[in-house]
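To start, the structure under review is shown below, and the notes come after it.
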Amino acid sequence: VLPYYAPRACHAAWDEFTVSSSSAPSRASLQRPARRRTQQRARQSRQPRATQQHKRAPSRAAAAARRRRHPSTMRFTADLAVHAAQRMNPLGEREVILRGYKIAAIENTGTLKDQFDVVDLSDNEIVRVGNFAPARRLTTLLLHNNRVSTIDANLGDQLPSLETLMLCHNRLESLTQLAGLKSCTKLQHLSCGGNPIKRLEHYRSFIIATVPSLKTLDFKKIKAAEREKASQLFPEDGPSTADLTQVSATADAAQPPPPPPRSGGPPAALANLTAEQ
């Protein structure tokens, strides 16, 4: 309550109150920012749909850039050799694991610096076995599940200590594709399972004659009778008369017969037993 002797102060306060109340924002002006926020949210909700429709139909340039970023095959580089997994296998051999990298060609193997006994190149896209840097330590080469169709004639010079070569599930269709193994004078274990050449009649005889140092072929020990047969079909001092394209008659042999069906009653040995027994 203002004192009686201050009428001017009272009038001034009343004037200030009336001015402030008249300048207060209206209800419509208070609703404008909310309306703007609603419109902005609607634009943001529609924006991802537009970008999604744009992504559904990428341009050729974008597709080419994506292929460069994520190539279908990979090169064997020094960086890959350094970061590849390494281990000491149960046989006490040092092994480098290069599986599943989609390597298309064997190259730059000098980056391994001849420090490994086993090189695992399975599950790749390799077509040609060769182009190795000289590696005297390497004794085992694993090439399962590739596209191998060619073997270098000088593979034995590149890998002079090679003893085990695994070529299961590749694309070896002709016996002449294995002629390059003749230079591998220390090769003892070879496997070509899952290749079309296994259907050929003289498959084992040809490989035994080509690589006399072999001890096992497809995980089966080579017998003396097989060596004698191979020397007759493929003599060293004369041409061979064997047909290398002849398909074996047992190539499409049926699988082993299934076990006999069970009879309705119990076996004879259990016929005299009671239910409790």
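Identifiers in this document derive from the order of the structure tokens: chains are assigned A, B, ..., residues are numbered from 1 separately in each chain, and ligands are numbered from 1 in order of occurrence.
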Handout entry: Those in region 155-254 of chain A with alpha helix (DSSP H) from DSSP, as a PyMOL selection string
Key = chain A and resi 155-158+203-210+224-233
Problem - Within 10 Å of Ala242 (chain A) using only C-alpha atoms, minus same-chain residues under 5 positions, as an NGL selection string - result: :A and (201-202 or 206 or 232-234)
Writer output for current selection, C-alpha atoms, as a PDB file, in the first residue's frame:
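Everything below was put into again-v6.pdb:
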```pdb
ATOM      1  CA  GLU A 201      40.835 -94.719 -66.002  1.00  0.00           C
ATOM      2  CA  HIS A 202      44.608 -94.194 -65.656  1.00  0.00           C
ATOM      3  CA  PHE A 206      49.738 -91.529 -64.565  1.00  0.00           C
ATOM      4  CA  GLN A 232      54.188-100.532 -67.974  1.00  0.00           C
ATOM      5  CA  LEU A 233      51.561 -98.014 -69.049  1.00  0.00           C
ATOM      6  CA  PHE A 234      53.879 -94.999 -68.968  1.00  0.00           C
TER       7      PHE A 234
END
```
Completion exercise
Taken to one decimal, the CA of Gly156 (chain A)-CA of Lys182 (chain A) distance is 7.9 Å
Exercise for the section: Write out as JSON, numbers by chain the residues lying within 10 Å of region 99-103 of chain A, counting only C-alpha atoms and excluding same-chain residues fewer than 2 positions away. Expected result: {"A": [71, 72, 73, 74, 75, 76, 77, 80, 84, 85, 96, 97, 105, 106, 107, 119, 120, 121, 122, 123, 124, 125, 126, 127, 142, 143, 144, 145, 146]}
Practice task
Skip region 221-223 of chain A itself and residues of its chain fewer than 6 positions away, then list as a PyMOL selection string all residues within 10 Å of it, counting only C-alpha atoms.
Solution key: chain A and resi 189+204+208+214-215
With N, CA, C and O atoms retained, write the just-selected residues as a compact mmCIF listing (two decimals), in the first residue's frame.
```txt
# COMPACT_ATOMS: atom_id res chain seq x y z
N HIS A 189 53.27 -86.76 -50.65
CA HIS A 189 51.84 -86.89 -50.36
C HIS A 189 51.08 -85.92 -51.26
O HIS A 189 51.34 -84.72 -51.25
N ARG A 204 45.53 -92.84 -61.35
CA ARG A 204 46.57 -93.18 -60.38
C ARG A 204 47.86 -93.60 -61.08
O ARG A 204 48.96 -93.21 -60.66
N ILE A 208 51.48 -91.72 -60.50
CA ILE A 208 52.57 -92.51 -59.92
C ILE A 208 53.77 -92.52 -60.86
O ILE A 208 54.93 -92.44 -60.42
N LEU A 214 56.27 -90.28 -54.83
CA LEU A 214 55.03 -90.31 -54.05
C LEU A 214 54.94 -91.57 -53.19
O LEU A 214 55.29 -92.67 -53.63
N LYS A 215 54.41 -91.38 -51.98
CA LYS A 215 54.15 -92.49 -51.07
C LYS A 215 52.65 -92.71 -50.87
O LYS A 215 52.22 -93.85 -50.71
```
